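Okay, coords-v7.json now, which holds JSON, C-alpha atoms:
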[["chain", "number", "residue", "atom", "x", "y", "z"],
["A", 1, "MET", "CA", 79.03, -27.46, -61.59],
["A", 2, "THR", "CA", 76.05, -28.42, -59.45],
["A", 3, "ALA", "CA", 76.54, -32.07, -60.36],
["A", 4, "MET", "CA", 80.19, -31.87, -59.31],
["A", 5, "LYS", "CA", 79.22, -30.34, -55.95],
["A", 6, "LYS", "CA", 76.66, -33.10, -55.38],
["A", 7, "SER", "CA", 79.24, -35.71, -56.33],
["A", 8, "LYS", "CA", 81.77, -34.24, -53.90],
["A", 9, "GLY", "CA", 79.17, -34.13, -51.15],
["A", 10, "PHE", "CA", 78.29, -37.75, -51.82],
["A", 11, "TRP", "CA", 81.89, -38.96, -51.60],
["A", 12, "TYR", "CA", 82.52, -36.84, -48.50],
["A", 13, "SER", "CA", 79.55, -38.52, -46.86],
["A", 14, "ILE", "CA", 80.79, -41.97, -47.86],
["A", 15, "GLY", "CA", 84.27, -41.17, -46.55],
["A", 16, "LEU", "CA", 82.89, -39.88, -43.25],
["A", 17, "ALA", "CA", 80.74, -43.00, -42.88],
["A", 18, "PHE", "CA", 83.73, -45.28, -43.36],
["A", 19, "VAL", "CA", 85.75, -43.26, -40.85],
["A", 20, "VAL", "CA", 82.95, -43.85, -38.34],
["A", 21, "PHE", "CA", 82.93, -47.55, -39.25],
["A", 22, "ILE", "CA", 86.69, -47.92, -38.71],
["A", 23, "VAL", "CA", 86.64, -46.00, -35.41],
["A", 24, "VAL", "CA", 83.78, -48.08, -34.02],
["A", 25, "GLN", "CA", 85.38, -51.32, -35.24],
["A", 26, "VAL", "CA", 88.66, -50.41, -33.53],
["A", 27, "LEU", "CA", 86.80, -49.60, -30.30],
["A", 28, "ILE", "CA", 84.95, -52.92, -30.42],
["A", 29, "SER", "CA", 88.04, -54.97, -31.31],
["A", 30, "GLY", "CA", 90.10, -53.25, -28.62],
["A", 31, "GLY", "CA", 87.52, -53.97, -25.96],
["A", 32, "PHE", "CA", 86.85, -50.28, -25.26],
["A", 33, "LEU", "CA", 83.10, -50.82, -25.65],
["A", 34, "ASN", "CA", 81.33, -53.31, -23.41],
["A", 35, "ILE", "CA", 78.58, -55.64, -24.60],
["A", 36, "TYR", "CA", 75.87, -53.25, -23.43],
["A", 37, "LEU", "CA", 77.16, -50.38, -25.58],
["A", 38, "VAL", "CA", 77.81, -52.65, -28.56],
["A", 39, "ASN", "CA", 74.23, -53.95, -28.43],
["A", 40, "ALA", "CA", 73.03, -50.36, -28.16],
["A", 41, "LEU", "CA", 74.95, -49.51, -31.35],
["A", 42, "TYR", "CA", 73.46, -52.50, -33.15],
["A", 43, "PHE", "CA", 69.98, -51.54, -32.00],
["A", 44, "ILE", "CA", 70.46, -47.95, -33.17],
["A", 45, "ALA", "CA", 71.55, -49.13, -36.63],
["A", 46, "ILE", "CA", 68.64, -51.59, -36.90],
["A", 47, "ASN", "CA", 66.17, -48.87, -35.92],
["A", 48, "ILE", "CA", 67.67, -46.53, -38.52],
["A", 49, "ILE", "CA", 67.09, -49.19, -41.19],
["A", 50, "LEU", "CA", 63.49, -49.59, -40.03],
["A", 51, "ALA", "CA", 62.95, -45.83, -39.93],
["A", 52, "ALA", "CA", 64.42, -45.36, -43.41],
["A", 53, "SER", "CA", 62.32, -48.17, -44.87],
["A", 54, "LEU", "CA", 59.09, -46.77, -43.39],
["A", 55, "HIS", "CA", 60.14, -43.26, -44.45],
["A", 56, "LEU", "CA", 59.92, -44.43, -48.06],
["A", 57, "ILE", "CA", 56.35, -45.64, -47.54],
["A", 58, "ILE", "CA", 54.96, -42.80, -45.40],
["A", 59, "GLY", "CA", 57.28, -39.84, -45.87],
["A", 60, "ILE", "CA", 57.88, -40.18, -49.62],
["A", 61, "THR", "CA", 54.81, -41.96, -50.98],
["A", 62, "GLY", "CA", 52.36, -40.77, -48.33],
["A", 63, "GLN", "CA", 50.87, -44.19, -47.50],
["A", 64, "PHE", "CA", 49.97, -44.39, -43.82],
["A", 65, "SER", "CA", 51.15, -47.87, -42.78],
["A", 66, "ILE", "CA", 51.26, -49.08, -39.17],
["A", 67, "GLY", "CA", 52.02, -52.74, -39.81],
["A", 68, "HIS", "CA", 55.77, -52.46, -40.30],
["A", 69, "ALA", "CA", 56.45, -54.83, -37.40],
["A", 70, "GLY", "CA", 54.80, -57.56, -39.48],
["A", 71, "PHE", "CA", 57.50, -57.27, -42.16],
["A", 72, "LEU", "CA", 60.14, -57.13, -39.44],
["A", 73, "ALA", "CA", 58.75, -60.40, -38.04],
["A", 74, "VAL", "CA", 58.64, -62.08, -41.46],
["A", 75, "GLY", "CA", 62.27, -61.16, -42.12],
["A", 76, "ALA", "CA", 63.36, -62.20, -38.62],
["A", 77, "TYR", "CA", 61.76, -65.63, -38.71],
["A", 78, "ALA", "CA", 62.64, -66.34, -42.35],
["A", 79, "SER", "CA", 66.33, -65.57, -41.72],
["A", 80, "ALA", "CA", 66.29, -67.56, -38.48],
["A", 81, "VAL", "CA", 64.89, -70.61, -40.28],
["A", 82, "ILE", "CA", 67.62, -70.34, -42.94],
["A", 83, "THR", "CA", 70.45, -70.34, -40.38],
["A", 84, "MET", "CA", 69.03, -72.56, -37.64],
["A", 85, "LYS", "CA", 66.98, -75.11, -39.59],
["A", 86, "LEU", "CA", 68.72, -75.22, -42.96],
["A", 87, "GLN", "CA", 72.24, -74.37, -41.70],
["A", 88, "LEU", "CA", 72.91, -71.88, -44.49],
["A", 89, "PRO", "CA", 75.22, -68.84, -44.23],
["A", 90, "PHE", "CA", 74.15, -65.63, -42.54],
["A", 91, "SER", "CA", 74.42, -63.66, -45.79],
["A", 92, "VAL", "CA", 71.91, -65.98, -47.44],
["A", 93, "SER", "CA", 69.56, -65.65, -44.48],
["A", 94, "LEU", "CA", 69.55, -61.84, -44.74],
["A", 95, "ILE", "CA", 68.72, -61.97, -48.44],
["A", 96, "VAL", "CA", 65.98, -64.54, -47.90],
["A", 97, "GLY", "CA", 64.59, -62.53, -44.99],
["A", 98, "GLY", "CA", 64.43, -59.41, -47.15],
["A", 99, "LEU", "CA", 62.84, -61.28, -50.07],
["A", 100, "ALA", "CA", 60.28, -62.97, -47.81],
["A", 101, "ALA", "CA", 59.27, -59.60, -46.38],
["A", 102, "ALA", "CA", 59.11, -58.12, -49.90],
["A", 103, "VAL", "CA", 56.79, -60.93, -51.03],
["A", 104, "ALA", "CA", 54.63, -60.31, -47.97],
["A", 105, "GLY", "CA", 54.60, -56.61, -48.84],
["A", 106, "LEU", "CA", 53.53, -57.42, -52.39],
["A", 107, "ILE", "CA", 50.75, -59.73, -51.21],
["A", 108, "ILE", "CA", 49.33, -57.21, -48.76],
["A", 109, "GLY", "CA", 50.16, -54.20, -50.92],
["A", 110, "ILE", "CA", 48.25, -55.05, -54.10],
["A", 111, "PRO", "CA", 44.79, -55.26, -52.48],
["A", 112, "SER", "CA", 45.23, -52.83, -49.58],
["A", 113, "LEU", "CA", 47.00, -49.93, -51.30],
["A", 114, "ARG", "CA", 43.81, -49.11, -53.15],
["A", 115, "LEU", "CA", 42.69, -47.86, -49.74],
["A", 116, "LYS", "CA", 43.60, -44.46, -48.34],
["A", 117, "GLY", "CA", 44.18, -42.81, -44.99],
["A", 118, "ASP", "CA", 42.71, -44.48, -41.93],
["A", 119, "TYR", "CA", 41.43, -47.44, -43.92],
["A", 120, "LEU", "CA", 44.92, -48.28, -45.15],
["A", 121, "ALA", "CA", 46.28, -47.90, -41.61],
["A", 122, "ILE", "CA", 43.70, -50.36, -40.28],
["A", 123, "ALA", "CA", 44.44, -52.84, -43.08],
["A", 124, "THR", "CA", 48.21, -52.78, -42.45],
["A", 125, "LEU", "CA", 47.66, -53.01, -38.69],
["A", 126, "GLY", "CA", 45.54, -56.09, -39.31],
["A", 127, "PHE", "CA", 48.31, -57.61, -41.42],
["A", 128, "GLY", "CA", 50.82, -57.16, -38.62],
["A", 129, "GLU", "CA", 48.51, -58.86, -36.14],
["A", 130, "ILE", "CA", 47.84, -61.72, -38.58],
["A", 131, "VAL", "CA", 51.58, -62.34, -38.86],
["A", 132, "ARG", "CA", 52.03, -62.31, -35.07],
["A", 133, "ILE", "CA", 49.10, -64.67, -34.39],
["A", 134, "THR", "CA", 50.22, -67.01, -37.18],
["A", 135, "LEU", "CA", 53.72, -67.25, -35.72],
["A", 136, "LEU", "CA", 52.21, -68.00, -32.29],
["A", 137, "ASN", "CA", 50.60, -71.13, -33.72],
["A", 138, "ILE", "CA", 53.47, -72.53, -35.81],
["A", 139, "ASP", "CA", 55.37, -75.14, -33.81],
["A", 140, "TYR", "CA", 58.13, -75.33, -36.44],
["A", 141, "VAL", "CA", 59.40, -71.92, -35.31],
["A", 142, "GLY", "CA", 58.74, -72.48, -31.62],
["A", 143, "GLY", "CA", 55.25, -71.03, -31.34],
["A", 144, "ALA", "CA", 54.62, -68.85, -28.30],
["A", 145, "SER", "CA", 57.80, -70.03, -26.53],
["A", 146, "GLY", "CA", 59.96, -68.53, -29.27],
["A", 147, "MET", "CA", 62.84, -69.74, -31.43],
["A", 148, "GLN", "CA", 66.47, -69.99, -30.42],
["A", 149, "VAL", "CA", 68.83, -68.15, -32.76],
["A", 150, "SER", "CA", 72.62, -67.99, -32.94],
["A", 151, "HIS", "CA", 74.27, -64.63, -32.37],
["A", 152, "LEU", "CA", 75.64, -63.82, -35.83],
["A", 153, "THR", "CA", 75.04, -60.07, -36.08],
["A", 154, "THR", "CA", 78.31, -58.14, -36.12],
["A", 155, "TRP", "CA", 79.25, -54.50, -36.65],
["A", 156, "PRO", "CA", 80.43, -54.98, -40.28],
["A", 157, "TRP", "CA", 77.13, -56.68, -41.16],
["A", 158, "VAL", "CA", 75.08, -54.02, -39.42],
["A", 159, "PHE", "CA", 77.04, -51.16, -40.97],
["A", 160, "GLY", "CA", 76.95, -52.71, -44.45],
["A", 161, "CYS", "CA", 73.18, -53.23, -44.35],
["A", 162, "LEU", "CA", 72.68, -49.72, -42.98],
["A", 163, "MET", "CA", 74.71, -48.11, -45.77],
["A", 164, "LEU", "CA", 72.97, -50.24, -48.41],
["A", 165, "THR", "CA", 69.55, -49.20, -47.09],
["A", 166, "ILE", "CA", 70.28, -45.48, -46.96],
["A", 167, "LEU", "CA", 72.01, -45.38, -50.36],
["A", 168, "ALA", "CA", 69.24, -47.37, -52.04],
["A", 169, "ILE", "CA", 66.41, -45.29, -50.61],
["A", 170, "VAL", "CA", 68.13, -41.95, -51.19],
["A", 171, "ASN", "CA", 68.91, -42.85, -54.81],
["A", 172, "PHE", "CA", 65.38, -44.13, -55.35],
["A", 173, "THR", "CA", 63.97, -40.90, -53.90],
["A", 174, "ASN", "CA", 66.14, -38.75, -56.19],
["A", 175, "SER", "CA", 65.23, -40.76, -59.29],
["A", 176, "THR", "CA", 62.25, -40.26, -61.59],
["A", 177, "HIS", "CA", 60.49, -43.08, -59.72],
["A", 178, "GLY", "CA", 61.01, -41.25, -56.44],
["A", 179, "ARG", "CA", 59.60, -38.04, -57.91],
["A", 180, "ALA", "CA", 56.56, -40.01, -59.05],
["A", 181, "CYS", "CA", 56.11, -41.27, -55.48],
["A", 182, "ILE", "CA", 56.42, -37.71, -54.13],
["A", 183, "SER", "CA", 53.79, -36.51, -56.60],
["A", 184, "ILE", "CA", 51.46, -39.23, -55.28],
["A", 185, "ARG", "CA", 52.08, -37.99, -51.75],
["A", 186, "GLU", "CA", 51.32, -34.40, -52.69],
["A", 187, "ASN", "CA", 48.19, -35.05, -54.75],
["A", 188, "GLU", "CA", 47.30, -38.54, -55.89],
["A", 189, "ILE", "CA", 44.44, -37.37, -58.13],
["A", 190, "ALA", "CA", 46.68, -34.89, -59.95],
["A", 191, "ALA", "CA", 49.43, -37.50, -60.31],
["A", 192, "ASP", "CA", 46.94, -39.96, -61.80],
["A", 193, "ALA", "CA", 45.67, -37.27, -64.19],
["A", 194, "MET", "CA", 49.26, -36.69, -65.36],
["A", 195, "GLY", "CA", 49.55, -40.35, -66.37],
["A", 196, "ILE", "CA", 51.44, -41.72, -63.37],
["A", 197, "ASN", "CA", 50.49, -45.29, -62.50],
["A", 198, "THR", "CA", 49.74, -44.54, -58.86],
["A", 199, "THR", "CA", 48.96, -48.12, -57.85],
["A", 200, "TYR", "CA", 52.21, -49.39, -59.37],
["A", 201, "TYR", "CA", 54.38, -46.83, -57.57],
["A", 202, "LYS", "CA", 52.59, -47.27, -54.26],
["A", 203, "VAL", "CA", 53.09, -51.04, -54.41],
["A", 204, "ALA", "CA", 56.72, -50.59, -55.53],
["A", 205, "ALA", "CA", 57.48, -48.31, -52.57],
["A", 206, "PHE", "CA", 55.71, -50.71, -50.26],
["A", 207, "VAL", "CA", 57.72, -53.69, -51.53],
["A", 208, "ILE", "CA", 61.06, -51.87, -51.32],
["A", 209, "GLY", "CA", 60.32, -50.65, -47.80],
["A", 210, "SER", "CA", 59.25, -54.16, -46.78],
["A", 211, "PHE", "CA", 62.44, -55.64, -48.23],
["A", 212, "PHE", "CA", 64.69, -53.49, -46.06],
["A", 213, "ALA", "CA", 62.45, -54.08, -43.04],
["A", 214, "GLY", "CA", 63.03, -57.81, -43.64],
["A", 215, "ILE", "CA", 66.80, -57.28, -43.68],
["A", 216, "ALA", "CA", 66.47, -55.39, -40.39],
["A", 217, "GLY", "CA", 64.49, -58.37, -39.10],
["A", 218, "GLY", "CA", 67.35, -60.73, -39.96],
["A", 219, "LEU", "CA", 69.83, -58.52, -38.09],
["A", 220, "TYR", "CA", 67.40, -58.18, -35.18],
["A", 221, "ALA", "CA", 66.84, -61.93, -34.89],
["A", 222, "HIS", "CA", 70.54, -62.79, -34.89],
["A", 223, "ASN", "CA", 71.38, -60.08, -32.36],
["A", 224, "PHE", "CA", 69.47, -61.94, -29.65],
["A", 225, "TYR", "CA", 69.52, -65.58, -28.66],
["A", 226, "ILE", "CA", 65.76, -66.00, -28.87],
["A", 227, "ILE", "CA", 62.93, -64.34, -30.79],
["A", 228, "GLN", "CA", 59.26, -64.49, -29.86],
["A", 229, "PRO", "CA", 56.10, -63.33, -31.65],
["A", 230, "THR", "CA", 55.40, -60.94, -28.77],
["A", 231, "ASN", "CA", 58.47, -58.92, -29.86],
["A", 232, "PHE", "CA", 56.60, -57.93, -33.03],
["A", 233, "GLY", "CA", 53.28, -56.61, -31.73],
["A", 234, "PHE", "CA", 51.51, -53.47, -32.89],
["A", 235, "LEU", "CA", 53.41, -51.41, -30.29],
["A", 236, "LYS", "CA", 56.61, -52.18, -32.23],
["A", 237, "SER", "CA", 54.96, -50.77, -35.36],
["A", 238, "PHE", "CA", 54.09, -47.60, -33.49],
["A", 239, "ASP", "CA", 57.69, -47.29, -32.27],
["A", 240, "ILE", "CA", 58.89, -47.32, -35.88],
["A", 241, "LEU", "CA", 56.13, -44.91, -36.89],
["A", 242, "ILE", "CA", 57.24, -42.47, -34.19],
["A", 243, "PHE", "CA", 60.76, -42.38, -35.69],
["A", 244, "VAL", "CA", 59.36, -41.13, -39.01],
["A", 245, "VAL", "CA", 56.80, -38.70, -37.60],
["A", 246, "LEU", "CA", 59.10, -37.24, -34.96],
["A", 247, "GLY", "CA", 61.94, -36.76, -37.45],
["A", 248, "GLY", "CA", 59.66, -35.02, -39.94],
["A", 249, "LEU", "CA", 57.54, -36.53, -42.68],
["A", 250, "GLY", "CA", 59.53, -36.45, -45.91],
["A", 251, "SER", "CA", 62.95, -36.06, -44.28],
["A", 252, "MET", "CA", 65.34, -39.00, -44.38],
["A", 253, "SER", "CA", 67.80, -37.15, -42.13],
["A", 254, "GLY", "CA", 65.02, -36.47, -39.65],
["A", 255, "ALA", "CA", 64.00, -40.12, -39.51],
["A", 256, "VAL", "CA", 67.61, -41.17, -38.93],
["A", 257, "LEU", "CA", 68.13, -38.52, -36.24],
["A", 258, "ALA", "CA", 64.88, -39.43, -34.46],
["A", 259, "ALA", "CA", 65.78, -43.13, -34.53],
["A", 260, "ILE", "CA", 69.16, -42.38, -32.93],
["A", 261, "LEU", "CA", 67.78, -40.06, -30.25],
["A", 262, "LEU", "CA", 64.80, -42.20, -29.26],
["A", 263, "THR", "CA", 66.84, -45.39, -29.18],
["A", 264, "ILE", "CA", 69.38, -43.74, -26.88],
["A", 265, "VAL", "CA", 66.61, -42.38, -24.63],
["A", 266, "SER", "CA", 64.86, -45.75, -24.50],
["A", 267, "THR", "CA", 68.13, -47.58, -23.81],
["A", 268, "PHE", "CA", 69.22, -45.40, -20.92],
["A", 269, "LEU", "CA", 65.75, -45.41, -19.37],
["A", 270, "GLN", "CA", 65.68, -49.21, -19.14],
["A", 271, "GLU", "CA", 66.96, -48.92, -15.58],
["A", 272, "TYR", "CA", 63.66, -47.26, -14.69],
["A", 273, "PRO", "CA", 61.01, -49.64, -16.06],
["A", 274, "GLU", "CA", 58.18, -48.05, -14.08],
["A", 275, "THR", "CA", 58.79, -44.54, -15.35],
["A", 276, "ARG", "CA", 60.49, -45.25, -18.69],
["A", 277, "MET", "CA", 57.33, -45.14, -20.80],
["A", 278, "ILE", "CA", 56.01, -42.10, -18.91],
["A", 279, "ILE", "CA", 59.18, -40.09, -19.58],
["A", 280, "TYR", "CA", 59.30, -41.39, -23.15],
["A", 281, "SER", "CA", 55.70, -40.29, -23.74],
["A", 282, "LEU", "CA", 56.25, -36.86, -22.17],
["A", 283, "VAL", "CA", 59.20, -36.23, -24.48],
["A", 284, "LEU", "CA", 57.01, -37.00, -27.48],
["A", 285, "ILE", "CA", 54.12, -34.83, -26.23],
["A", 286, "VAL", "CA", 56.40, -31.83, -25.64],
["A", 287, "MET", "CA", 57.97, -32.34, -29.05],
["A", 288, "MET", "CA", 54.62, -32.43, -30.81],
["A", 289, "LEU", "CA", 53.42, -29.32, -28.95],
["A", 290, "TYR", "CA", 56.42, -27.15, -29.76],
["A", 291, "ARG", "CA", 57.62, -28.74, -33.00],
["A", 292, "PRO", "CA", 54.61, -30.44, -34.66],
["A", 293, "GLN", "CA", 56.36, -30.66, -38.04],
["A", 294, "GLY", "CA", 59.08, -32.86, -36.54],
["A", 295, "LEU", "CA", 62.75, -32.27, -35.91],
["A", 296, "LEU", "CA", 63.66, -31.31, -39.48],
["A", 297, "GLY", "CA", 60.24, -30.94, -41.09],
["A", 298, "THR", "CA", 60.63, -31.77, -44.78],
["A", 299, "LYS", "CA", 64.27, -30.61, -44.95],
["A", 300, "GLU", "CA", 67.40, -32.70, -45.06],
["A", 301, "ILE", "CA", 70.33, -32.01, -42.77],
["A", 302, "THR", "CA", 72.51, -31.10, -45.77],
["A", 303, "SER", "CA", 70.34, -28.03, -46.40],
["A", 304, "PHE", "CA", 71.81, -26.42, -43.28],
["A", 305, "PHE", "CA", 75.34, -26.62, -44.70],
["A", 306, "LYS", "CA", 74.74, -25.09, -48.12],
["A", 307, "ASN", "CA", 76.85, -22.16, -49.25],
["A", 308, "ARG", "CA", 75.14, -19.03, -47.96],
["A", 309, "ASN", "CA", 76.66, -17.05, -50.82],
["A", 310, "GLY", "CA", 74.18, -18.68, -53.12],
["A", 311, "ILE", "CA", 71.19, -17.36, -51.18],
["A", 312, "LYS", "CA", 69.36, -14.51, -52.87],
["A", 313, "GLY", "CA", 67.99, -11.44, -51.16],
["A", 314, "GLY", "CA", 71.25, -10.01, -49.74],
["A", 315, "PRO", "CA", 72.49, -6.46, -50.09],
["A", 316, "ASP", "CA", 74.23, -7.24, -53.39],
["A", 317, "HIS", "CA", 71.20, -8.96, -54.88],
["A", 318, "ASP", "CA", 70.08, -7.45, -58.21],
["A", 319, "SER", "CA", 73.05, -5.05, -58.10],
["A", 320, "LYS", "CA", 74.57, -6.54, -61.25],
["A", 321, "ASN", "CA", 73.47, -5.62, -64.74],
["A", 322, "THR", "CA", 71.47, -8.22, -66.61],
["A", 323, "VAL", "CA", 70.67, -8.72, -70.25],
["A", 324, "ALA", "CA", 67.00, -9.08, -71.14]]
Give the structure from this file in structure tokens form.
Amino acid sequence: MTAMKKSKGFWYSIGLAFVVFIVVQVLISGGFLNIYLVNALYFIAINIILAASLHLIIGITGQFSIGHAGFLAVGAYASAVITMKLQLPFSVSLIVGGLAAAVAGLIIGIPSLRLKGDYLAIATLGFGEIVRITLLNIDYVGGASGMQVSHLTTWPWVFGCLMLTILAIVNFTNSTHGRACISIRENEIAADAMGINTTYYKVAAFVIGSFFAGIAGGLYAHNFYIIQPTNFGFLKSFDILIFVVLGGLGSMSGAVLAAILLTIVSTFLQEYPETRMIIYSLVLIVMMLYRPQGLLGTKEITSFFKNRNGIKGGPDHDSKNTVA
């Protein structure tokens, strides 16, 4: 019975998502949304993908990484090279961008994920800066002046990649592999004592998260007409980190909600460049003071819609006879 309820909830969610897709597509095709709002929608979806991918690394596996912008940059430039230099289709460029970021995640993950806490954060931050400085000195991709990219990102592509990311990460989290990652987050020593290959699962989560960050990079690169290494500095990594922390560590719904809210706030404050970062920072400070566990904590948004009849402790609880 529980499996049937979960199955119904899953298909309801898929149906609702496609309703949203069709409505937005009709609004875009009919010209009801201007370019500014369309770009805002694309940016929200890309940030959700980034938040979900980092959620797997930090929120599920408990590995404090602040170099996510490096994987975003690898995916962006790899996909841009595929379309602009090699003249291959956009779909191929997204796959190559994701794979390139996954390989980068594997290379940096194997040696660095033996570290913990602040040491791991410093190592991943160093990786992100290495990627940025390397791109600054490669003339093939434009160096510091940047690389011109065709505008190929569309709503169907953005929506498809978003759904793929969320479904993949949610299913991974609910699998035995996801439970192994959660056990590492809770107590790595205990997980290792129970026979879980902690290094393998940490690297696996890192590679999967990097892969989807690379896909987000491909969408990001082809949403603008030029990409530059300065777009992928350590401040970009902190922006993505804020999505996960503000939403609640361990909550996919929280990361998605935080990505939506902060992207909207940042977008509408662009008219006030002098005060935008001040207001943005004050919002975060107030949030951390009054809700330090994040918007949803460790809960998912579906937990607020469960049948209250199934909650124990009511007046009728323990009123029925039971058989010992």
**Asked** Can you tell me how far CA of Val74 (chain A) sits from CA of Ala213 (chain A), in Å to one decimal?
**Response**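 Separating CA of Val74 (chain A) from CA of Ala213 (chain A) is a distance of 9.0 Å.
Each of A:Pro111, A:Gly248, A:Gly62, A:Pro89 was checked against Glu188 (chain A) using all atoms listed in the file; the smallest atom-to-atom distance is that of A:Gly62.
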**Request:** Pick out the closest residue to Arg276 (chain A) from this set: A:Val207, A:Leu262, A:Leu50, A:Leu289. Count all atoms listed in the file.
**Result:**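 Comparing A:Val207, A:Leu262, A:Leu50, A:Leu289 against Arg276 (chain A), the winner is A:Leu262.
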**Message:** Rounded to one decimal, what separation in Å do you get between CA of Lys116 (chain A) and CA of Asn231 (chain A)?
**Reply:** 27.8 Å
**Item:** Asn39 (chain A) surroundings by all atoms listed in the file, 10 Å radius, close-in-sequence under 5 positions cut, as number ranges by chain
**Value:** A: 33-34, 44-45, 153-155, 223-224, 267
Counting all atoms listed in the file, which residues have an atom no more than 12 Å from (67.4, -64.8, -38.0) in the file's coordinates? Please list them as a short mmCIF file (atom, residue, chain, number, x, y, z; two decimals) with C-alpha atoms, keeping the file's coordinate frame.
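File written: point-v4.cif
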data_model
loop_
_atom_site.label_atom_id
_atom_site.label_comp_id
_atom_site.auth_asym_id
_atom_site.auth_seq_id
_atom_site.Cartn_x
_atom_site.Cartn_y
_atom_site.Cartn_z
CA LEU A 72 60.14 -57.13 -39.44
CA ALA A 73 58.75 -60.40 -38.04
CA VAL A 74 58.64 -62.08 -41.46
CA GLY A 75 62.27 -61.16 -42.12
CA ALA A 76 63.36 -62.20 -38.62
CA TYR A 77 61.76 -65.63 -38.71
CA ALA A 78 62.64 -66.34 -42.35
CA SER A 79 66.33 -65.57 -41.72
CA ALA A 80 66.29 -67.56 -38.48
CA VAL A 81 64.89 -70.61 -40.28
CA ILE A 82 67.62 -70.34 -42.94
CA THR A 83 70.45 -70.34 -40.38
CA MET A 84 69.03 -72.56 -37.64
CA LYS A 85 66.98 -75.11 -39.59
CA LEU A 86 68.72 -75.22 -42.96
CA GLN A 87 72.24 -74.37 -41.70
CA LEU A 88 72.91 -71.88 -44.49
CA PRO A 89 75.22 -68.84 -44.23
CA PHE A 90 74.15 -65.63 -42.54
CA SER A 91 74.42 -63.66 -45.79
CA VAL A 92 71.91 -65.98 -47.44
CA SER A 93 69.56 -65.65 -44.48
CA LEU A 94 69.55 -61.84 -44.74
CA ILE A 95 68.72 -61.97 -48.44
CA VAL A 96 65.98 -64.54 -47.90
CA GLY A 97 64.59 -62.53 -44.99
CA GLY A 98 64.43 -59.41 -47.15
CA VAL A 141 59.40 -71.92 -35.31
CA MET A 147 62.84 -69.74 -31.43
CA GLN A 148 66.47 -69.99 -30.42
CA VAL A 149 68.83 -68.15 -32.76
CA SER A 150 72.62 -67.99 -32.94
CA HIS A 151 74.27 -64.63 -32.37
CA LEU A 152 75.64 -63.82 -35.83
CA THR A 153 75.04 -60.07 -36.08
CA GLY A 214 63.03 -57.81 -43.64
CA ILE A 215 66.80 -57.28 -43.68
CA ALA A 216 66.47 -55.39 -40.39
CA GLY A 217 64.49 -58.37 -39.10
CA GLY A 218 67.35 -60.73 -39.96
CA LEU A 219 69.83 -58.52 -38.09
CA TYR A 220 67.40 -58.18 -35.18
CA ALA A 221 66.84 -61.93 -34.89
CA HIS A 222 70.54 -62.79 -34.89
CA ASN A 223 71.38 -60.08 -32.36
CA PHE A 224 69.47 -61.94 -29.65
CA TYR A 225 69.52 -65.58 -28.66
CA ILE A 226 65.76 -66.00 -28.87
CA ILE A 227 62.93 -64.34 -30.79
CA GLN A 228 59.26 -64.49 -29.86
#
I'd like the box whose edges run along x, y and z of the file and which contains every listed atom of region 174-179 of chain A, padded by 3 Å per side; could you state its centre and edge lengths in Å, one decimal, as AutoDock Vina command-line options?
--center_x 62.9 --center_y -40.6 --center_z -58.9 --size_x 12.5 --size_y 11.0 --size_z 11.4
Residues within 8 Å of Gly294 (chain A), all atoms listed in the file, excluding chain neighbours under 6 positions, as a PDB file with C-alpha atoms, keeping the file's coordinate frame:
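Written output follows (result-v3.pdb):
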ATOM      1  CA  VAL A 245      56.800 -38.700 -37.600  1.00  0.00           C
ATOM      2  CA  LEU A 246      59.100 -37.240 -34.960  1.00  0.00           C
ATOM      3  CA  GLY A 247      61.940 -36.760 -37.450  1.00  0.00           C
ATOM      4  CA  GLY A 248      59.660 -35.020 -39.940  1.00  0.00           C
ATOM      5  CA  LEU A 249      57.540 -36.530 -42.680  1.00  0.00           C
ATOM      6  CA  GLY A 254      65.020 -36.470 -39.650  1.00  0.00           C
ATOM      7  CA  MET A 287      57.970 -32.340 -29.050  1.00  0.00           C
ATOM      8  CA  MET A 288      54.620 -32.430 -30.810  1.00  0.00           C
TER       9      MET A 288
END
**Prompt:** Mind pulling up the distance from CA of Ile14 (chain A) to CA of Phe32 (chain A)?
**Reply:**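 Value for the CA of Phe32 (chain A)-CA of Ile14 (chain A) distance: 24.8 Å.
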**Nearest-residue call for Ser145 (chain A), choices A:Ile184, A:Ile279, A:Pro229, A:Ser237, using only C-alpha atoms** = A:Pro229
**Message:** Quick one: residues within 8 Å of region 160-163 of chain A, only C-alpha atoms, excluding same-chain residues fewer than 3 positions away - as an NGL selection string?
**Reply:** :A and (45-46 or 48-49 or 156-157 or 166-167 or 215)
**Request:** Measuring atom to atom with only C-alpha atoms, identify which of A:Ala144, A:Ile138, A:Ala69, A:Ala52 is nearest to Leu257 (chain A).
**Result:**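 Counting only C-alpha atoms, the residue closest to Leu257 (chain A) is A:Ala52.
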**Asked** Restricting the calculation to all atoms listed in the file, which member of A:Phe18, A:Tyr200, A:Tyr12, A:Phe211 is positioned closest to Ala100 (chain A)?
**Response**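 For Ala100 (chain A), the nearest of the candidates is A:Phe211.
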**Request:** Using all atoms listed in the file, pick whichever of A:Ser65, A:Asn174, A:Gln270, A:Thr198 has the shortest atom-to-atom distance to Asp118 (chain A).
**Result:**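 Answer, going by the shortest atom-to-atom distance: A:Ser65.
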**Message:** What's around Gly209 (chain A) at 7 Å? Count all atoms listed in the file, leave out sequence neighbours fewer than 2 positions away in its own chain, and write the answer as a list in words.
**Reply:** Ser53, Leu54, Leu56, Ile57, Ala205, Phe206, Val207, Phe211, Phe212 and Ala213 of chain A
Using the selection just defined, write its residues with C-alpha atoms as a compact mmCIF listing (two decimals), in the frame of the given file.
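What landed in selection-v4.txt:
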# COMPACT_ATOMS: atom_id res chain seq x y z
CA SER A 53 62.32 -48.17 -44.87
CA LEU A 54 59.09 -46.77 -43.39
CA LEU A 56 59.92 -44.43 -48.06
CA ILE A 57 56.35 -45.64 -47.54
CA ALA A 205 57.48 -48.31 -52.57
CA PHE A 206 55.71 -50.71 -50.26
CA VAL A 207 57.72 -53.69 -51.53
CA PHE A 211 62.44 -55.64 -48.23
CA PHE A 212 64.69 -53.49 -46.06
CA ALA A 213 62.45 -54.08 -43.04
